[in-house]
Structure formats: C-alpha cells, structure tokens
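Novice: So I've got this file, entry_19.tsv, and it contains TSV, C-alpha atoms:
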```
chain	number	residue	atom	x	y	z
A	1034	MET	CA	115.58	147.94	-67.47
A	1035	ALA	CA	119.30	148.60	-67.44
A	1036	THR	CA	121.55	146.19	-65.57
A	1037	GLY	CA	122.43	148.75	-62.92
A	1038	ASP	CA	118.75	149.53	-62.27
A	1039	LEU	CA	117.93	145.84	-61.87
A	1040	LEU	CA	120.77	145.35	-59.41
A	1041	ARG	CA	119.78	148.39	-57.36
A	1042	LEU	CA	116.16	147.28	-57.10
A	1043	ILE	CA	117.11	143.73	-56.08
A	1044	ASN	CA	119.46	145.15	-53.47
A	1045	GLN	CA	116.76	147.46	-52.13
A	1046	MET	CA	114.37	144.55	-51.71
A	1047	ASP	CA	117.05	142.39	-50.09
A	1048	GLN	CA	117.47	145.06	-47.42
A	1049	GLN	CA	113.97	144.24	-46.19
A	1050	VAL	CA	115.06	140.76	-45.09
A	1051	PRO	CA	117.04	141.53	-41.88
A	1052	ALA	CA	114.14	143.62	-40.57
A	1053	ALA	CA	111.74	140.73	-41.20
A	1054	VAL	CA	114.09	138.36	-39.37
A	1055	SER	CA	114.30	140.83	-36.48
A	1056	ASP	CA	110.50	140.80	-36.16
A	1057	ALA	CA	110.64	137.00	-35.79
A	1058	LEU	CA	113.31	136.97	-33.06
A	1059	PRO	CA	110.95	135.78	-30.26
A	1060	GLN	CA	109.96	132.78	-32.39
A	1061	ILE	CA	113.59	132.10	-33.33
A	1062	GLU	CA	114.55	132.17	-29.64
A	1063	ARG	CA	111.91	129.58	-28.76
A	1064	LEU	CA	113.10	127.27	-31.53
A	1065	ALA	CA	116.75	127.74	-30.51
A	1066	GLU	CA	115.94	126.81	-26.91
A	1067	ALA	CA	114.08	123.71	-28.11
A	1068	MET	CA	117.09	122.68	-30.23
A	1069	LEU	CA	119.38	123.26	-27.25
A	1070	ARG	CA	117.27	121.08	-24.96
A	1071	THR	CA	117.22	118.36	-27.60
A	1072	LEU	CA	121.00	118.33	-28.03
A	1073	GLN	CA	121.69	118.52	-24.30
A	1074	ALA	CA	119.52	115.43	-23.85
A	1075	GLY	CA	121.47	113.55	-26.55
A	1076	GLY	CA	118.94	113.97	-29.35
A	1077	ARG	CA	119.40	115.09	-32.94
A	1078	VAL	CA	118.27	118.00	-35.09
A	1079	PHE	CA	116.67	117.11	-38.43
A	1080	TYR	CA	116.25	119.68	-41.22
A	1081	LEU	CA	113.68	118.69	-43.82
A	1082	GLY	CA	113.00	120.63	-47.02
A	1083	ALA	CA	112.59	120.68	-50.78
A	1084	GLY	CA	114.39	122.68	-53.46
A	1085	THR	CA	116.19	125.78	-52.20
A	1086	SER	CA	114.94	125.26	-48.65
A	1087	GLY	CA	116.24	121.70	-48.59
A	1088	ARG	CA	119.61	122.76	-49.95
A	1089	LEU	CA	119.94	125.48	-47.32
A	1090	GLY	CA	119.33	122.88	-44.61
A	1091	ILE	CA	122.09	120.72	-46.08
A	1092	VAL	CA	124.48	123.67	-46.17
A	1093	ASP	CA	123.87	124.44	-42.50
A	1094	ALA	CA	124.05	120.85	-41.23
A	1095	SER	CA	127.22	120.15	-43.21
A	1096	GLU	CA	129.01	123.02	-41.44
A	1097	TRP	CA	128.46	121.73	-37.90
A	1098	PRO	CA	131.43	119.28	-37.85
A	1099	PRO	CA	134.15	121.49	-39.40
A	1100	THR	CA	133.10	124.63	-37.53
A	1101	PHE	CA	132.20	123.19	-34.14
A	1102	GLY	CA	133.97	119.82	-34.08
A	1103	VAL	CA	130.83	117.77	-33.39
A	1104	ASP	CA	131.34	114.14	-34.37
A	1105	PRO	CA	129.15	112.33	-35.12
A	1106	ASN	CA	127.12	115.20	-36.51
A	1107	PRO	CA	123.90	115.69	-34.50
A	1108	ALA	CA	122.38	117.65	-37.41
A	1109	ILE	CA	120.88	115.64	-40.27
A	1110	ALA	CA	119.48	117.37	-43.37
A	1111	LEU	CA	117.06	115.66	-45.74
A	1112	ILE	CA	115.86	116.95	-49.11
A	1113	ALA	CA	112.92	115.84	-51.24
A	1114	GLY	CA	114.26	113.65	-54.03
A	1115	GLY	CA	117.33	112.54	-52.09
A	1116	ASP	CA	120.95	113.51	-52.60
A	1117	ALA	CA	120.50	113.75	-56.37
A	1118	ALA	CA	118.21	116.75	-55.78
A	1119	ILE	CA	121.05	118.75	-54.25
A	1120	ARG	CA	122.47	119.50	-57.71
A	1121	LYS	CA	119.48	119.00	-59.98
A	1122	ALA	CA	115.80	119.64	-59.36
A	1123	ARG	CA	113.74	116.45	-58.98
A	1124	GLU	CA	110.33	117.26	-60.38
A	1125	PHE	CA	107.31	116.39	-58.22
A	1126	ALA	CA	109.47	114.97	-55.39
A	1127	GLU	CA	108.13	117.64	-53.05
A	1128	ASP	CA	104.52	116.64	-53.78
A	1129	ASN	CA	104.76	113.28	-51.98
A	1130	ALA	CA	103.23	113.85	-48.56
A	1131	GLU	CA	104.44	110.48	-47.22
A	1132	GLN	CA	108.05	110.47	-48.41
A	1133	GLY	CA	109.32	112.95	-45.82
A	1134	TRP	CA	108.20	110.69	-42.99
A	1135	ALA	CA	109.70	107.67	-44.76
A	1136	ASP	CA	113.03	109.51	-45.09
A	1137	LEU	CA	112.97	110.36	-41.38
A	1138	GLN	CA	112.20	106.76	-40.45
A	1139	ALA	CA	115.25	105.63	-42.42
A	1140	HIS	CA	117.28	107.57	-39.83
A	1141	ARG	CA	115.27	106.12	-36.91
A	1142	VAL	CA	113.82	109.45	-35.87
A	1143	GLY	CA	112.40	109.33	-32.37
A	1144	VAL	CA	110.95	111.28	-29.47
A	1145	THR	CA	114.40	112.46	-28.36
A	1146	ASP	CA	114.87	114.34	-31.66
A	1147	ILE	CA	113.49	117.56	-33.13
A	1148	VAL	CA	112.43	117.91	-36.79
A	1149	ILE	CA	112.54	121.36	-38.40
A	1150	GLY	CA	110.62	121.82	-41.63
A	1151	LEU	CA	111.97	124.32	-44.16
A	1152	SER	CA	109.48	125.68	-46.67
A	1153	ALA	CA	109.13	129.25	-47.91
A	1154	SER	CA	105.48	128.71	-48.83
A	1155	GLY	CA	104.65	126.66	-45.76
A	1156	ARG	CA	102.63	124.31	-47.93
A	1157	THR	CA	105.17	121.82	-49.35
A	1158	PRO	CA	103.53	118.36	-48.97
A	1159	TYR	CA	106.87	116.56	-48.42
A	1160	VAL	CA	107.56	118.77	-45.42
A	1161	VAL	CA	104.06	119.31	-44.04
A	1162	GLY	CA	103.21	115.61	-44.20
A	1163	ALA	CA	106.39	114.69	-42.34
A	1164	LEU	CA	105.76	117.16	-39.52
A	1165	GLN	CA	102.17	116.02	-39.16
A	1166	ARG	CA	103.38	112.44	-38.73
A	1167	CYS	CA	105.99	113.61	-36.24
A	1168	ARG	CA	103.22	115.21	-34.21
A	1169	GLU	CA	101.34	111.90	-34.21
A	1170	HIS	CA	104.45	110.20	-32.77
A	1171	GLN	CA	105.14	112.88	-30.11
A	1172	ILE	CA	108.30	114.10	-31.86
A	1173	SER	CA	109.08	117.81	-31.37
A	1174	THR	CA	108.71	119.96	-34.47
A	1175	GLY	CA	109.71	123.39	-35.68
A	1176	CYS	CA	109.72	125.24	-38.99
A	1177	ILE	CA	111.04	128.20	-40.91
A	1178	THR	CA	108.56	129.65	-43.38
A	1179	CYS	CA	107.89	133.00	-45.04
A	1180	ASN	CA	104.09	132.96	-45.11
A	1181	PRO	CA	101.65	133.51	-42.22
A	1182	GLY	CA	99.12	130.95	-41.04
A	1183	THR	CA	100.38	127.99	-43.07
A	1184	PRO	CA	99.77	124.24	-42.63
A	1185	LEU	CA	103.47	123.91	-41.83
A	1186	ALA	CA	103.27	126.37	-38.95
A	1187	ALA	CA	100.14	124.61	-37.69
A	1188	ALA	CA	102.09	121.33	-37.59
A	1189	SER	CA	104.99	122.93	-35.69
A	1190	ASP	CA	105.53	123.22	-31.97
A	1191	TYR	CA	108.03	126.02	-32.58
A	1192	PRO	CA	107.13	127.86	-35.81
A	1193	VAL	CA	109.30	130.65	-37.19
A	1194	GLU	CA	107.44	132.87	-39.65
A	1195	VAL	CA	109.61	135.48	-41.39
A	1196	MET	CA	107.38	137.79	-43.40
A	1197	THR	CA	109.64	138.81	-46.29
A	1198	GLY	CA	106.84	139.91	-48.63
A	1199	PRO	CA	106.69	139.60	-52.43
A	1200	GLU	CA	109.82	138.61	-54.34
A	1201	PHE	CA	111.49	140.82	-56.95
A	1202	LEU	CA	110.91	137.95	-59.36
A	1203	THR	CA	107.40	136.78	-58.51
A	1204	GLY	CA	107.40	133.34	-56.92
A	1205	SER	CA	111.21	132.97	-56.93
A	1206	THR	CA	111.58	132.08	-53.26
A	1207	ARG	CA	115.31	131.43	-53.67
A	1208	MET	CA	115.66	135.21	-53.35
A	1209	LYS	CA	114.34	137.01	-50.21
A	1210	CYS	CA	112.86	133.87	-48.68
A	1211	GLY	CA	116.06	131.92	-49.26
A	1212	THR	CA	118.11	134.73	-47.73
A	1213	ALA	CA	115.82	134.83	-44.70
A	1214	GLN	CA	116.01	131.09	-44.17
A	1215	LYS	CA	119.81	131.17	-44.44
A	1216	LEU	CA	120.02	133.98	-41.88
A	1217	VAL	CA	117.77	132.13	-39.44
A	1218	LEU	CA	119.67	128.86	-39.85
A	1219	ASN	CA	122.96	130.69	-39.23
A	1220	MET	CA	121.51	132.19	-36.06
A	1221	LEU	CA	120.08	128.91	-34.78
A	1222	SER	CA	123.10	126.68	-35.29
A	1223	THR	CA	125.63	129.27	-34.13
A	1224	THR	CA	123.65	130.19	-31.02
A	1225	VAL	CA	123.01	126.58	-30.05
A	1226	MET	CA	126.65	125.56	-30.54
A	1227	ILE	CA	127.81	128.53	-28.44
A	1228	ARG	CA	125.38	127.50	-25.69
A	1229	MET	CA	126.72	123.92	-25.97
A	1230	GLY	CA	130.22	125.18	-25.22
A	1231	HIS	CA	131.84	124.67	-28.62
A	1232	VAL	CA	133.12	128.26	-28.76
A	1233	LEU	CA	135.56	130.16	-26.53
A	1234	ASP	CA	134.59	133.85	-26.52
A	1235	ASN	CA	134.08	134.20	-30.29
A	1236	LYS	CA	136.78	131.69	-31.25
A	1237	MET	CA	136.18	128.34	-32.97
A	1238	VAL	CA	138.29	126.25	-30.60
A	1239	ASP	CA	136.60	122.99	-31.66
A	1240	MET	CA	136.99	123.42	-35.43
A	1241	GLN	CA	138.30	120.43	-37.34
A	1242	LEU	CA	141.80	120.85	-38.77
A	1243	ALA	CA	140.65	119.56	-42.13
A	1244	ASN	CA	142.85	121.63	-44.44
A	1245	GLU	CA	145.84	123.97	-44.52
A	1246	LYS	CA	143.68	127.06	-44.08
A	1247	LEU	CA	142.14	125.74	-40.86
A	1248	ILE	CA	145.49	124.55	-39.51
A	1249	ASP	CA	146.88	128.02	-40.14
A	1250	ARG	CA	143.82	129.59	-38.46
A	1251	GLY	CA	144.23	127.36	-35.43
A	1252	THR	CA	147.93	128.16	-35.27
A	1253	ARG	CA	147.30	131.89	-35.30
A	1254	LEU	CA	144.62	131.51	-32.65
A	1255	LEU	CA	147.13	129.79	-30.38
A	1256	MET	CA	149.68	132.52	-31.11
A	1257	GLN	CA	147.13	135.04	-29.88
A	1258	LEU	CA	145.99	133.09	-26.82
A	1259	MET	CA	149.35	131.66	-25.71
A	1260	ALA	CA	151.81	134.34	-26.91
A	1261	TRP	CA	153.76	131.72	-28.90
A	1262	ASP	CA	155.55	132.20	-32.19
A	1263	TYR	CA	154.13	130.60	-35.33
A	1264	ARG	CA	156.50	127.65	-35.44
A	1265	ARG	CA	155.89	126.62	-31.83
A	1266	ALA	CA	152.13	127.11	-32.05
A	1267	ARG	CA	151.85	125.00	-35.19
A	1268	HIS	CA	154.05	122.22	-33.82
A	1269	ILE	CA	152.00	121.93	-30.63
A	1270	LEU	CA	148.70	122.17	-32.53
A	1271	GLU	CA	149.71	119.32	-34.82
A	1272	GLU	CA	150.81	117.30	-31.80
A	1273	TYR	CA	147.49	117.63	-29.98
A	1274	GLY	CA	145.19	117.74	-33.00
A	1275	SER	CA	142.85	120.53	-31.88
A	1276	VAL	CA	142.95	124.01	-30.39
A	1277	ARG	CA	140.80	122.90	-27.46
A	1278	LYS	CA	143.13	120.05	-26.52
A	1279	VAL	CA	146.10	122.41	-26.52
A	1280	LEU	CA	144.29	124.89	-24.29
A	1281	GLU	CA	143.13	122.12	-21.95
A	1282	ALA	CA	146.65	120.71	-21.70
A	1283	HIS	CA	148.03	124.13	-20.81
A	1284	ARG	CA	145.18	124.80	-18.38
A	1285	LYS	CA	143.84	127.79	-20.23
A	1286	ILE	CA	140.36	126.29	-20.18
A	1287	PRO	CA	138.84	123.52	-18.01
A	1288	SER	CA	138.90	120.03	-19.49
A	1289	ARG	CA	135.59	118.80	-20.85
A	1290	PRO	CA	134.04	115.67	-19.34
A	1291	ARG	CA	134.82	112.71	-21.60
```
Represent the structure from my file as structure tokens, please.
Specialist:
Amino acid sequence: MATGDLLRLINQMDQQVPAAVSDALPQIERLAEAMLRTLQAGGRVFYLGAGTSGRLGIVDASEWPPTFGVDPNPAIALIAGGDAAIRKAREFAEDNAEQGWADLQAHRVGVTDIVIGLSASGRTPYVVGALQRCREHQISTGCITCNPGTPLAAASDYPVEVMTGPEFLTGSTRMKCGTAQKLVLNMLSTTVMIRMGHVLDNKMVDMQLANEKLIDRGTRLLMQLMAWDYRRARHILEEYGSVRKVLEAHRKIPSRPR
C-alpha cells in the first residue's frame, strides 16, 4: 500500500477510539469517584502495568506534580521490569505473577490506597497477580483494559473496559488500545485533581514554576486575573512562588487550610 493509504486507514481506525471511551464513561466515573475518595482520605493512587501500558501510567503519574502542584506526589506508577523497562523492553518481566505485588509492597501499599492495573489484554500476569493479592488484603482495585470479561476485570472493584476492537497492526496494542488508555488516564487524573481543588475554573493555579515556560504562563495568567502588566505580574509571582499564593494574598480566592 502507498504511504498515504496506510496513514488514512490508521487514522480511520483511530477515530473509533473516542467512541469506545464514551461507551465506558459510567465505568470511568465509578473509578474516578473511587480515586477521589482515596485521595481525600489521604491515600495514594498506584498505576501498575507492563510495556506500553506501564509507560502510559508513568507518563500520567509524572505529570501530577508539575500540572497540579501536588507534593509529595500521591500517584505512584510501577512498570514490570523496573525503571530500566521505561526505555527498553524487559523480556518476560510481565510474566511474573508475584513481582507486581512485591513491587507494591516495596512502597508499603495499604488499605488506604487504590491500585489500578493497566493491561490492554487484561491477562498480564504481573498486573493480574498484583490485583488478586490486593483483593486478598482488602486494598481497593481498578483497571483499564481493552478486552471484555478478563481476569484483570474480575480482580478489580472498579473495572474500566474500553472495547477498541482489532488493531490496524494485529496485536500491536500500543496503537488503539494505547490511545484509549491514555485518554482514560487523562480523564481520570484531570477530573480528580479538579475535584480536589487544584484548578481555578480551567486554570492551573497550582502548577509548579519549574521552567521559564511555566513562569511565563503563570505571569500571563496573573495578568489576566489581576489586570497587571507583565513586569508587575512576574515580579509578584516570583516573590510568592505560585499563582495560588498570589491569588490568596490578594484575596481573589480563599486560602487553603494548611
């Protein structure tokens, strides 16, 4: 096939993903509410996966601090094979049904936490085994999978099953399944952080000022909210260290309990 034909067909199949996510919205809502209850009670969210699914969990968890200013990060992502597997596939790491639970224990997982298994197939031993052990220890569980009726869903209190159908490249779940998982993770973390009060309207008032781009973004946000010029907004932002603290100091939003 010609390059253009290949691209068009992949694009056509990718357009099926948002509809599949839409069909799973009731399940996504239940998982989001469970995550919210966990965080409000002081617990943590664990993402657990292998391969593409594991990497997507790491991407989502790593964005919580810079985007929402949560410190320490209440989201912990674990991948089969450890950190080395983020860049390079670790063969057979996902086949160890006990290692996922061992990795969770290293972080002292407990009944106040929730563990979310990420597996397109819903059969990955590293993930399924871990959630089964969580169930035995009364730890809340959820999952994001792209197959119906899987062992992973059976081990989950809050399963999310996004039926994306066959891949353009048979078995390559980094494609539609990976896209679906990324969409769901975006929805979960963003919704939960909004409900936790880390957003003002649709503005990231708790973002970390970790680089020049984010300082500039925060400055322009204050220009919009406070009707200041750039120089004044930046000076005050750098003085207080966060958009929220500036707004609290100027009584534009109520101060948060410390």
Novice: Grab all the atoms of range 1081-1094 of chain A that the file lists, wrap them in a box along x, y and z, add 3 Å per side, and give me centre plus edge lengths in Å (one decimal) as lines of an AutoDock Vina configuration file.
Specialist:
```
center_x = 118.5
center_y = 122.2
center_z = -47.3
size_x = 17.9
size_y = 13.1
size_z = 18.2
```
Novice: Rounded to one decimal, what separation in Å do you get between CA of Leu1064 in chain A and CA of Gly1175 in chain A?
Specialist: 6.6 Å
Novice: Find the distance between CA of Ser1275 in chain A and CA of Ala1074 in chain A and write it in Å to one decimal.
Specialist: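 Taking CA of Ser1275 in chain A as the start and CA of Ala1074 in chain A as the end point, the length is 25.2 Å.
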Novice: I'd like the interatomic distance between CA of Gln1241 in chain A and CA of Gly1102 in chain A, to a tenth of an Å.
Specialist: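 Computing it gives 5.5 Å between the two atoms.
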Novice: Need to verify the contact set: Gln1214 in chain A, 10 Å, only C-alpha atoms, exclusion of same-chain residues closer than 5 positions in sequence. Can you return it as a VMD selection string?
Specialist: chain A and resid 1050 1054 1085 to 1086 1089 to 1090 1151 to 1153 1177 to 1179 1193 to 1195 1207 1209 1219 to 1220
Novice: Export C-alpha atoms of the chosen residues as a PDB file, keeping the file's coordinate frame?
Specialist:
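What follows is the written file selection_5.pdb:
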```pdb
ATOM      1  CA  VAL A1050     115.060 140.760 -45.090  1.00  0.00           C
ATOM      2  CA  VAL A1054     114.090 138.360 -39.370  1.00  0.00           C
ATOM      3  CA  THR A1085     116.190 125.780 -52.200  1.00  0.00           C
ATOM      4  CA  SER A1086     114.940 125.260 -48.650  1.00  0.00           C
ATOM      5  CA  LEU A1089     119.940 125.480 -47.320  1.00  0.00           C
ATOM      6  CA  GLY A1090     119.330 122.880 -44.610  1.00  0.00           C
ATOM      7  CA  LEU A1151     111.970 124.320 -44.160  1.00  0.00           C
ATOM      8  CA  SER A1152     109.480 125.680 -46.670  1.00  0.00           C
ATOM      9  CA  ALA A1153     109.130 129.250 -47.910  1.00  0.00           C
ATOM     10  CA  ILE A1177     111.040 128.200 -40.910  1.00  0.00           C
ATOM     11  CA  THR A1178     108.560 129.650 -43.380  1.00  0.00           C
ATOM     12  CA  CYS A1179     107.890 133.000 -45.040  1.00  0.00           C
ATOM     13  CA  VAL A1193     109.300 130.650 -37.190  1.00  0.00           C
ATOM     14  CA  GLU A1194     107.440 132.870 -39.650  1.00  0.00           C
ATOM     15  CA  VAL A1195     109.610 135.480 -41.390  1.00  0.00           C
ATOM     16  CA  ARG A1207     115.310 131.430 -53.670  1.00  0.00           C
ATOM     17  CA  LYS A1209     114.340 137.010 -50.210  1.00  0.00           C
ATOM     18  CA  ASN A1219     122.960 130.690 -39.230  1.00  0.00           C
ATOM     19  CA  MET A1220     121.510 132.190 -36.060  1.00  0.00           C
TER      20      MET A1220
END
```
Novice: With all atoms listed in the file as the atoms that count, which of A:Leu1164, A:Val1238, A:Leu1216, A:Ala1135 lies nearest to Arg1250 in chain A?
Specialist: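 The closest residue to Arg1250 in chain A is A:Val1238.
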Novice: (117.0, 131.2, -32.5) in this file's frame - what residues fall within 12 Å of it? Use all atoms listed in the file and give the answer as an MDAnalysis selection string.
Specialist: chainID A and resid 1054:1055 1057:1069 1175:1177 1191:1193 1214 1216:1228
Novice: Could you dump the residues just selected with C-alpha atoms as a tab-separated table (two decimals), in the coordinates of the input?
Specialist:
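Final output, saved to part-v9.tsv:
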```
chain	number	residue	atom	x	y	z
A	1054	VAL	CA	114.09	138.36	-39.37
A	1055	SER	CA	114.30	140.83	-36.48
A	1057	ALA	CA	110.64	137.00	-35.79
A	1058	LEU	CA	113.31	136.97	-33.06
A	1059	PRO	CA	110.95	135.78	-30.26
A	1060	GLN	CA	109.96	132.78	-32.39
A	1061	ILE	CA	113.59	132.10	-33.33
A	1062	GLU	CA	114.55	132.17	-29.64
A	1063	ARG	CA	111.91	129.58	-28.76
A	1064	LEU	CA	113.10	127.27	-31.53
A	1065	ALA	CA	116.75	127.74	-30.51
A	1066	GLU	CA	115.94	126.81	-26.91
A	1067	ALA	CA	114.08	123.71	-28.11
A	1068	MET	CA	117.09	122.68	-30.23
A	1069	LEU	CA	119.38	123.26	-27.25
A	1175	GLY	CA	109.71	123.39	-35.68
A	1176	CYS	CA	109.72	125.24	-38.99
A	1177	ILE	CA	111.04	128.20	-40.91
A	1191	TYR	CA	108.03	126.02	-32.58
A	1192	PRO	CA	107.13	127.86	-35.81
A	1193	VAL	CA	109.30	130.65	-37.19
A	1214	GLN	CA	116.01	131.09	-44.17
A	1216	LEU	CA	120.02	133.98	-41.88
A	1217	VAL	CA	117.77	132.13	-39.44
A	1218	LEU	CA	119.67	128.86	-39.85
A	1219	ASN	CA	122.96	130.69	-39.23
A	1220	MET	CA	121.51	132.19	-36.06
A	1221	LEU	CA	120.08	128.91	-34.78
A	1222	SER	CA	123.10	126.68	-35.29
A	1223	THR	CA	125.63	129.27	-34.13
A	1224	THR	CA	123.65	130.19	-31.02
A	1225	VAL	CA	123.01	126.58	-30.05
A	1226	MET	CA	126.65	125.56	-30.54
A	1227	ILE	CA	127.81	128.53	-28.44
A	1228	ARG	CA	125.38	127.50	-25.69
```
Novice: Could you list, as number ranges by chain, every residue within 9 Å of Asp1146 in chain A, counting only C-alpha atoms and ignoring same-chain residues fewer than 2 positions away?
Specialist: A: 1068, 1071-1072, 1075-1079, 1142-1144, 1148, 1172-1174
Novice: If we draw a sphere of 10 Å around (128.7, 121.3, -36.6), which residues have at least one atom in it when counting only C-alpha atoms? Please report them as number ranges by chain.
Specialist: A: 1093-1108, 1222-1223, 1226, 1231, 1239-1241
Novice: Which residue, A:Lys1121, A:Gly1082, A:Arg1253, A:Met1046, has the smallest gap to Leu1137 in chain A when you use all atoms listed in the file?
Specialist: A:Gly1082
Novice: Generate the missing atoms of range 1143-1164 of chain A up to N, CA and C atoms and report them as a PDB file, in the frame of the given file.
Specialist:
```pdb
ATOM      1  N   GLY A1143     113.142 109.726 -33.558  1.00  0.00           N
ATOM      2  CA  GLY A1143     112.400 109.330 -32.370  1.00  0.00           C
ATOM      3  C   GLY A1143     112.053 110.516 -31.488  1.00  0.00           C
ATOM      4  N   VAL A1144     111.472 110.236 -30.348  1.00  0.00           N
ATOM      5  CA  VAL A1144     110.950 111.280 -29.470  1.00  0.00           C
ATOM      6  C   VAL A1144     112.061 112.123 -28.836  1.00  0.00           C
ATOM      7  N   THR A1145     113.298 111.664 -28.897  1.00  0.00           N
ATOM      8  CA  THR A1145     114.400 112.460 -28.360  1.00  0.00           C
ATOM      9  C   THR A1145     114.911 113.494 -29.361  1.00  0.00           C
ATOM     10  N   ASP A1146     114.406 113.456 -30.592  1.00  0.00           N
ATOM     11  CA  ASP A1146     114.870 114.340 -31.660  1.00  0.00           C
ATOM     12  C   ASP A1146     113.921 115.519 -31.861  1.00  0.00           C
ATOM     13  N   ILE A1147     114.361 116.474 -32.686  1.00  0.00           N
ATOM     14  CA  ILE A1147     113.490 117.560 -33.130  1.00  0.00           C
ATOM     15  C   ILE A1147     113.601 117.664 -34.646  1.00  0.00           C
ATOM     16  N   VAL A1148     112.480 117.829 -35.322  1.00  0.00           N
ATOM     17  CA  VAL A1148     112.430 117.910 -36.790  1.00  0.00           C
ATOM     18  C   VAL A1148     111.991 119.315 -37.174  1.00  0.00           C
ATOM     19  N   ILE A1149     112.810 119.987 -37.992  1.00  0.00           N
ATOM     20  CA  ILE A1149     112.540 121.360 -38.400  1.00  0.00           C
ATOM     21  C   ILE A1149     112.245 121.387 -39.889  1.00  0.00           C
ATOM     22  N   GLY A1150     111.034 121.757 -40.235  1.00  0.00           N
ATOM     23  CA  GLY A1150     110.620 121.820 -41.630  1.00  0.00           C
ATOM     24  C   GLY A1150     110.990 123.157 -42.254  1.00  0.00           C
ATOM     25  N   LEU A1151     111.557 123.116 -43.440  1.00  0.00           N
ATOM     26  CA  LEU A1151     111.970 124.320 -44.160  1.00  0.00           C
ATOM     27  C   LEU A1151     111.141 124.444 -45.426  1.00  0.00           C
ATOM     28  N   SER A1152     110.327 125.471 -45.492  1.00  0.00           N
ATOM     29  CA  SER A1152     109.480 125.680 -46.670  1.00  0.00           C
ATOM     30  C   SER A1152     109.070 127.137 -46.727  1.00  0.00           C
ATOM     31  N   ALA A1153     109.481 127.831 -47.777  1.00  0.00           N
ATOM     32  CA  ALA A1153     109.130 129.250 -47.910  1.00  0.00           C
ATOM     33  C   ALA A1153     107.613 129.436 -47.946  1.00  0.00           C
ATOM     34  N   SER A1154     106.932 128.584 -48.695  1.00  0.00           N
ATOM     35  CA  SER A1154     105.480 128.710 -48.830  1.00  0.00           C
ATOM     36  C   SER A1154     104.741 128.221 -47.606  1.00  0.00           C
ATOM     37  N   GLY A1155     105.333 127.269 -46.887  1.00  0.00           N
ATOM     38  CA  GLY A1155     104.650 126.660 -45.760  1.00  0.00           C
ATOM     39  C   GLY A1155     103.609 125.641 -46.161  1.00  0.00           C
ATOM     40  N   ARG A1156     103.648 125.245 -47.432  1.00  0.00           N
ATOM     41  CA  ARG A1156     102.630 124.310 -47.930  1.00  0.00           C
ATOM     42  C   ARG A1156     103.230 123.076 -48.596  1.00  0.00           C
ATOM     43  N   THR A1157     104.531 122.928 -48.635  1.00  0.00           N
ATOM     44  CA  THR A1157     105.170 121.820 -49.350  1.00  0.00           C
ATOM     45  C   THR A1157     104.741 120.477 -48.750  1.00  0.00           C
ATOM     46  N   PRO A1158     104.057 119.616 -49.520  1.00  0.00           N
ATOM     47  CA  PRO A1158     103.530 118.360 -48.970  1.00  0.00           C
ATOM     48  C   PRO A1158     104.599 117.473 -48.337  1.00  0.00           C
ATOM     49  N   TYR A1159     105.776 117.381 -48.952  1.00  0.00           N
ATOM     50  CA  TYR A1159     106.870 116.560 -48.420  1.00  0.00           C
ATOM     51  C   TYR A1159     107.206 116.964 -46.989  1.00  0.00           C
ATOM     52  N   VAL A1160     107.188 118.250 -46.732  1.00  0.00           N
ATOM     53  CA  VAL A1160     107.560 118.770 -45.420  1.00  0.00           C
ATOM     54  C   VAL A1160     106.377 118.749 -44.459  1.00  0.00           C
ATOM     55  N   VAL A1161     105.241 119.249 -44.908  1.00  0.00           N
ATOM     56  CA  VAL A1161     104.060 119.310 -44.040  1.00  0.00           C
ATOM     57  C   VAL A1161     103.640 117.914 -43.596  1.00  0.00           C
ATOM     58  N   GLY A1162     103.607 116.985 -44.539  1.00  0.00           N
ATOM     59  CA  GLY A1162     103.210 115.610 -44.200  1.00  0.00           C
ATOM     60  C   GLY A1162     104.121 114.997 -43.159  1.00  0.00           C
ATOM     61  N   ALA A1163     105.418 115.245 -43.293  1.00  0.00           N
ATOM     62  CA  ALA A1163     106.390 114.690 -42.340  1.00  0.00           C
ATOM     63  C   ALA A1163     106.166 115.252 -40.947  1.00  0.00           C
ATOM     64  N   LEU A1164     105.949 116.573 -40.840  1.00  0.00           N
ATOM     65  CA  LEU A1164     105.760 117.160 -39.520  1.00  0.00           C
ATOM     66  C   LEU A1164     104.445 116.722 -38.884  1.00  0.00           C
TER      67      LEU A1164
END
```
